[in-house]
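*Asks:* Sharing data.pdb here; it has PDB, C-alpha atoms.
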ATOM      1  CA  ALA K   1      78.912 103.709 104.801
ATOM      2  CA  ARG K   2      80.342 103.426 101.316
ATOM      3  CA  HIS K   3      83.259 101.039 101.147
ATOM      4  CA  MET K   4      86.207 102.515  99.337
ATOM      5  CA  TYR K   5      88.843 100.202  97.903
ATOM      6  CA  ARG K   6      91.645 101.454  95.706
ATOM      7  CA  GLN K   7      95.271 100.931  94.861
ATOM      8  CA  TYR K   8      97.922 102.261  97.228
ATOM      9  CA  SER K   9      99.180 105.773  96.509
ATOM     10  CA  GLU K  10     102.247 107.528  97.918
ATOM     11  CA  ASP K  11      99.992 109.670 100.147
ATOM     12  CA  ASP K  12      99.081 106.479 102.047
ATOM     13  CA  PHE K  13     102.666 105.890 103.240
ATOM     14  CA  ASN K  14     102.219 106.705 106.938
ATOM     15  CA  GLU K  15      98.949 104.817 107.230
ATOM     16  CA  LEU K  16     100.334 101.755 105.416
ATOM     17  CA  LEU K  17     103.326 101.852 107.753
ATOM     18  CA  ARG K  18     100.958 102.006 110.769
ATOM     19  CA  LEU K  19      99.015  98.970 109.540
ATOM     20  CA  ARG K  20     102.187  97.007 108.734
ATOM     21  CA  ARG K  21     103.555  97.667 112.224
ATOM     22  CA  LEU K  22     100.372  96.121 113.667
ATOM     23  CA  LEU K  23     100.647  93.089 111.372
ATOM     24  CA  TYR K  24     104.407  92.636 111.850
ATOM     25  CA  PRO K  25     105.263  93.753 115.406
ATOM     26  CA  ASP K  26     108.573  91.832 115.339
ATOM     27  CA  TYR K  27     109.983  94.074 112.605
ATOM     28  CA  SER K  28     111.419  97.499 113.288
ATOM     29  CA  GLY K  29     109.687 100.569 111.929
ATOM     30  CA  GLN K  30     112.810 101.201 109.863
ATOM     31  CA  GLU K  31     112.673  97.746 108.220
ATOM     32  CA  LEU K  32     109.000  98.181 107.381
ATOM     33  CA  ARG K  33     109.572 101.728 106.108
ATOM     34  CA  GLU K  34     112.373 100.533 103.798
ATOM     35  CA  GLU K  35     110.177  97.716 102.489
ATOM     36  CA  ILE K  36     107.330 100.096 101.571
ATOM     37  CA  LEU K  37     109.764 102.489  99.900
ATOM     38  CA  ALA K  38     111.386  99.662  97.942
ATOM     39  CA  PHE K  39     108.145  98.117  96.739
ATOM     40  CA  PHE K  40     106.019 101.173  96.029
ATOM     41  CA  HIS K  41     108.159 104.275  95.752
ATOM     42  CA  HIS K  42     111.323 103.016  94.036
ATOM     43  CA  PRO K  43     110.176  99.872  92.228
ATOM     44  CA  HIS K  44     113.135  99.919  89.847
ATOM     45  CA  ALA K  45     115.474  99.684  92.807
ATOM     46  CA  ASN K  46     113.358  96.913  94.363
ATOM     47  CA  PRO K  47     115.718  94.646  96.328
ATOM     48  CA  PHE K  48     113.114  91.861  96.400
ATOM     49  CA  ARG K  49     114.151  90.507  93.014
ATOM     50  CA  ASN K  50     111.960  87.439  93.267
ATOM     51  CA  TYR K  51     108.846  89.484  92.396
ATOM     52  CA  ASP K  52     107.950  90.103  88.763
ATOM     53  CA  LEU K  53     104.913  92.269  89.441
ATOM     54  CA  TRP K  54     103.526  93.729  92.637
ATOM     55  CA  THR K  55     100.585  95.803  93.881
ATOM     56  CA  CYS K  56      98.794  96.821  97.063
ATOM     57  CA  PHE K  57      95.105  97.553  97.572
ATOM     58  CA  VAL K  58      93.881  99.600 100.507
ATOM     59  CA  TYR K  59      90.567 100.224 102.218
ATOM     60  CA  GLN K  60      89.962 103.961 102.694
ATOM     61  CA  ARG K  61      88.116 104.836 105.891
ATOM     62  CA  GLU K  62      85.162 107.191 105.490
ATOM     63  CA  HIS K  63      86.770 110.160 107.225
ATOM     64  CA  ALA K  64      90.542 109.771 107.308
ATOM     65  CA  GLY K  65      93.159 107.108 107.117
ATOM     66  CA  LEU K  66      93.193 103.513 106.016
ATOM     67  CA  GLY K  67      91.409 100.560 107.588
ATOM     68  CA  GLY K  68      93.228  97.718 105.873
ATOM     69  CA  PHE K  69      95.442  96.593 103.017
ATOM     70  CA  ILE K  70      96.437  93.600 100.936
ATOM     71  CA  ASP K  71      99.715  93.047  99.081
ATOM     72  CA  VAL K  72      99.737  90.695  96.129
ATOM     73  CA  GLY K  73     102.573  89.875  93.779
ATOM     74  CA  PHE K  74     103.872  87.416  91.231
ATOM     75  CA  VAL K  75     106.821  85.403  92.530
ATOM     76  CA  CYS K  76     109.401  84.348  89.925
ATOM     77  CA  ALA K  77     109.087  80.699  88.952
ATOM     78  CA  ASP K  78     112.704  80.033  90.036
ATOM     79  CA  ALA K  79     111.943  81.148  93.572
ATOM     80  CA  TYR K  80     108.961  78.791  93.692
ATOM     81  CA  GLN K  81     110.476  75.617  92.210
ATOM     82  CA  GLU K  82     111.271  74.015  95.583
ATOM     83  CA  ARG K  83     107.675  74.428  96.730
ATOM     84  CA  LEU K  84     106.278  72.321  93.879
ATOM     85  CA  ALA K  85     106.609  69.166  95.986
ATOM     86  CA  HIS K  86     104.038  70.584  98.417
ATOM     87  CA  PHE K  87     101.412  70.294  95.672
ATOM     88  CA  GLU K  88     101.939  66.622  94.901
ATOM     89  CA  GLY K  89      98.721  64.696  95.341
ATOM     90  CA  THR K  90      96.514  67.808  95.043
ATOM     91  CA  ASP K  91      94.056  68.593  92.256
ATOM     92  CA  TYR K  92      96.137  71.580  91.219
ATOM     93  CA  PHE K  93      99.581  69.995  90.952
ATOM     94  CA  GLU K  94      99.387  70.034  87.143
ATOM     95  CA  GLN K  95      98.363  73.681  87.022
ATOM     96  CA  ILE K  96     101.238  74.820  89.234
ATOM     97  CA  HIS K  97     103.655  72.477  87.455
ATOM     98  CA  SER K  98     102.709  73.863  84.032
ATOM     99  CA  PHE K  99     103.153  77.456  85.244
ATOM    100  CA  LEU K 100     106.589  76.635  86.652
ATOM    101  CA  SER K 101     107.718  74.619  83.634
ATOM    102  CA  LEU K 102     106.815  77.567  81.391
ATOM    103  CA  GLY K 103     108.710  79.892  83.733
ATOM    104  CA  ARG K 104     105.513  81.802  84.534
ATOM    105  CA  PRO K 105     105.497  83.658  87.859
ATOM    106  CA  ILE K 106     103.186  82.462  90.632
ATOM    107  CA  PRO K 107     100.574  84.857  92.126
ATOM    108  CA  VAL K 108     100.807  85.081  95.907
ATOM    109  CA  VAL K 109      99.062  87.180  98.561
ATOM    110  CA  GLU K 110     101.913  88.412 100.760
ATOM    111  CA  SER K 111     100.237  90.520 103.458
ATOM    112  CA  TRP K 112      96.586  91.037 104.374
ATOM    113  CA  TYR K 113      95.406  93.085 107.328
ATOM    114  CA  VAL K 114      92.284  94.877 108.586
ATOM    115  CA  ASP K 115      92.230  97.167 111.639
ATOM    116  CA  GLY K 116      90.661  95.528 114.695
ATOM    117  CA  ASP K 117      87.718  97.930 114.895
ATOM    118  CA  LEU K 118      86.647  97.070 111.328
ATOM    119  CA  ARG K 119      86.889  93.280 111.490
ATOM    120  CA  GLY K 120      83.782  91.273 110.717
ATOM    121  CA  GLU K 121      82.435  93.883 108.281
ATOM    122  CA  GLY K 122      83.583  92.154 105.088
ATOM    123  CA  ILE K 123      86.469  94.539 104.462
ATOM    124  CA  GLY K 124      89.053  91.751 104.396
ATOM    125  CA  ALA K 125      86.900  89.893 101.870
ATOM    126  CA  GLY K 126      86.628  93.083  99.803
ATOM    127  CA  LEU K 127      90.400  93.487  99.774
ATOM    128  CA  MET K 128      90.914  89.827  98.829
ATOM    129  CA  CYS K 129      88.361  90.235  96.028
ATOM    130  CA  ARG K 130      90.395  93.166  94.598
ATOM    131  CA  ALA K 131      93.587  91.061  94.781
ATOM    132  CA  GLU K 132      91.901  88.114  93.024
ATOM    133  CA  GLN K 133      90.493  90.367  90.282
ATOM    134  CA  TRP K 134      93.937  91.897  89.704
ATOM    135  CA  VAL K 135      95.578  88.459  89.505
ATOM    136  CA  GLY K 136      92.875  87.272  87.091
ATOM    137  CA  LYS K 137      93.481  90.308  84.868
ATOM    138  CA  GLN K 138      97.160  89.323  84.689
ATOM    139  CA  GLY K 139      96.024  86.002  83.214
ATOM    140  CA  SER K 140      96.386  83.650  86.163
ATOM    141  CA  PRO K 141      93.678  81.037  86.822
ATOM    142  CA  PHE K 142      94.680  80.666  90.502
ATOM    143  CA  ILE K 143      96.142  82.485  93.500
ATOM    144  CA  LEU K 144      98.159  81.306  96.503
ATOM    145  CA  SER K 145      98.348  82.658 100.042
ATOM    146  CA  ASP K 146      99.771  81.678 103.407
ATOM    147  CA  THR K 147      99.473  82.639 107.035
ATOM    148  CA  ASP K 148     101.097  81.862 110.363
ATOM    149  CA  GLY K 149      99.496  78.936 112.182
ATOM    150  CA  PHE K 150      98.783  81.138 115.231
ATOM    151  CA  ARG K 151      96.700  83.620 113.208
ATOM    152  CA  GLU K 152      93.336  81.914 113.752
ATOM    153  CA  ALA K 153      91.284  84.772 112.285
ATOM    154  CA  SER K 154      93.371  84.720 109.106
ATOM    155  CA  ILE K 155      93.023  80.948 108.735
ATOM    156  CA  ARG K 156      89.238  81.187 109.133
ATOM    157  CA  ALA K 157      89.063  84.114 106.711
ATOM    158  CA  HIS K 158      90.998  82.200 104.044
ATOM    159  CA  GLN K 159      88.739  79.168 104.447
ATOM    160  CA  SER K 160      85.543  81.234 104.310
ATOM    161  CA  LEU K 161      86.705  82.775 101.011
ATOM    162  CA  GLY K 162      87.265  79.403  99.343
ATOM    163  CA  TYR K 163      90.995  78.937  99.956
ATOM    164  CA  VAL K 164      92.081  75.320 100.366
ATOM    165  CA  GLU K 165      95.006  74.495 102.641
ATOM    166  CA  TYR K 166      97.549  72.358 100.765
ATOM    167  CA  HIS K 167     100.567  72.372 103.097
ATOM    168  CA  THR K 168     101.719  73.255 106.622
ATOM    169  CA  ASP K 169     105.453  73.635 107.097
ATOM    170  CA  ARG K 170     107.585  72.831 110.157
ATOM    171  CA  SER K 171     107.243  76.357 111.527
ATOM    172  CA  GLY K 172     103.439  76.102 111.365
ATOM    173  CA  ILE K 173     102.878  78.313 108.331
ATOM    174  CA  LYS K 174      99.734  77.227 106.491
ATOM    175  CA  TYR K 175      99.702  77.472 102.694
ATOM    176  CA  PHE K 176      96.513  78.002 100.682
ATOM    177  CA  TYR K 177      95.413  77.670  97.057
ATOM    178  CA  LYS K 178      92.322  79.043  95.305
ATOM    179  CA  SER K 179      91.162  78.539  91.735
ATOM    180  CA  LEU K 180      89.946  81.775  90.126
ATOM    181  CA  LEU K 181      88.046  79.942  87.403
ATOM    182  CA  GLN K 182      84.304  79.816  87.944
ATOM    183  CA  SER K 183      83.349  76.162  88.127
ATOM    184  CA  ALA K 184      80.775  75.064  85.567
ATOM    185  CA  GLU K 185      78.607  73.455  88.274
TER
END
Using the file provided, produce a representation of the structure as structure tokens.
*Replies:*
Amino acid sequence: ARHMYRQYSEDDFNELLRLRRLLYPDYSGQELREEILAFFHHPHANPFRNYDLWTCFVYQREHAGLGGFIDVGFVCADAYQERLAHFEGTDYFEQIHSFLSLGRPIPVVESWYVDGDLRGEGIGAGLMCRAEQWVGKQGSPFILSDTDGFREASIRAHQSLGYVEYHTDRSGIKYFYKSLLQSAE
């Protein structure tokens, strides 16, 4: 089976909504619908002002529909300032600090989901790879991500792809960092 990854298109709306409802069962269909419309269909009216740049990659199933997606965006430096303290004592404090002090936006994976029947086939890794390539093309040497502490599969997936946990907040959300620079070793 040929794996098909591509950027989201407006024809994917219903399938992306289906996947988002599975990932975020606590949100109403209406909330999720409005979010997709705001981000992808009316970007100039985007109410989520803290994003400078935003994209979504999807995995196209062989016959019909989508099997997964990943959202990645650049969060405005202002919106990230208070998180800088979380990086103190890490190897990448200076990198994040320099980005923020220059006012450069921070690349963050916002949502990442693969349908249950496709898990374990490398599709999540393929989606993350597309997100990392896109971020690298925008000139960032790193990418951040986070996941709820109860999402064991997501935590393991991040770790297996080279993401390093740098902070866990009071609500249990785990925050990850990954350098996109190939080490010289």
*Asks:* Could you give me, as number ranges by chain, the residues within 10 Å of segment 10-25 of chain K, counting all atoms listed in the file and dropping anything in the same chain fewer than 5 positions from it?
*Replies:* K: 30-37, 40-41, 56, 58, 60, 64-69, 111-116
*Asks:* Next, dump the selected residues to file, keeping only C-alpha atoms, as a JSON list (two decimals), in the frame of the given file.
*Replies:*
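For reference, selection-v6.json as written:
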[["chain", "number", "residue", "atom", "x", "y", "z"],
["K", 30, "GLN", "CA", 112.81, 101.20, 109.86],
["K", 31, "GLU", "CA", 112.67, 97.75, 108.22],
["K", 32, "LEU", "CA", 109.00, 98.18, 107.38],
["K", 33, "ARG", "CA", 109.57, 101.73, 106.11],
["K", 34, "GLU", "CA", 112.37, 100.53, 103.80],
["K", 35, "GLU", "CA", 110.18, 97.72, 102.49],
["K", 36, "ILE", "CA", 107.33, 100.10, 101.57],
["K", 37, "LEU", "CA", 109.76, 102.49, 99.90],
["K", 40, "PHE", "CA", 106.02, 101.17, 96.03],
["K", 41, "HIS", "CA", 108.16, 104.28, 95.75],
["K", 56, "CYS", "CA", 98.79, 96.82, 97.06],
["K", 58, "VAL", "CA", 93.88, 99.60, 100.51],
["K", 60, "GLN", "CA", 89.96, 103.96, 102.69],
["K", 64, "ALA", "CA", 90.54, 109.77, 107.31],
["K", 65, "GLY", "CA", 93.16, 107.11, 107.12],
["K", 66, "LEU", "CA", 93.19, 103.51, 106.02],
["K", 67, "GLY", "CA", 91.41, 100.56, 107.59],
["K", 68, "GLY", "CA", 93.23, 97.72, 105.87],
["K", 69, "PHE", "CA", 95.44, 96.59, 103.02],
["K", 111, "SER", "CA", 100.24, 90.52, 103.46],
["K", 112, "TRP", "CA", 96.59, 91.04, 104.37],
["K", 113, "TYR", "CA", 95.41, 93.08, 107.33],
["K", 114, "VAL", "CA", 92.28, 94.88, 108.59],
["K", 115, "ASP", "CA", 92.23, 97.17, 111.64],
["K", 116, "GLY", "CA", 90.66, 95.53, 114.70]]
*Asks:* Name the residues captured by the PyMOL selection byres ((chain K and resi 158-168) around 12) when it is applied to the shown file; answer as an MDAnalysis selection string.
*Replies:* chainID K and resid 83:93 109 112 122 124:129 132 142:149 151:157 169:182
*Asks:* If you measure from atom CA of Gln7 of chain K to atom CA of Arg130 of chain K, what distance in Å do you get, rounded to one decimal?
*Replies:*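 Between atom CA of Gln7 of chain K and atom CA of Arg130 of chain K the gap is 9.2 Å.
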*Asks:* Provide the atom CA of Tyr8 of chain K to atom CA of Phe39 of chain K distance in Å, to one decimal place.
*Replies:*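 Distance reported for this atom pair: 11.0 Å.
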*Asks:* I'd like the interatomic distance between atom CA of Phe57 of chain K and atom CA of Ile70 of chain K, to a tenth of an Å.
*Replies:*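 Between these atoms lies a distance of 5.4 Å.
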*Asks:* To verify the selection step, state as a PyMOL selection string which residues the PyMOL selection byres ((chain K and resi 80) around 12) yields on this input.
*Replies:* chain K and resi 50-51+74-79+81-87+96-97+99-101+103-108+144
*Asks:* Set the distance at 8 Å and use all atoms listed in the file: which residues neighbour Met4 of chain K once local chain neighbours fewer than 2 positions away are removed? I'd like the list as a list in words.
*Replies:*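 Contacts, in chain order: Arg2, Arg6, Tyr59, Gln60, Arg61 and Glu62 of chain K.
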*Asks:* Return the single residue from K:Trp54, K:Gly29, K:Ile123, K:Leu102 that is closest to Val135 of chain K, with distances computed using only C-alpha atoms.
*Replies:* K:Trp54
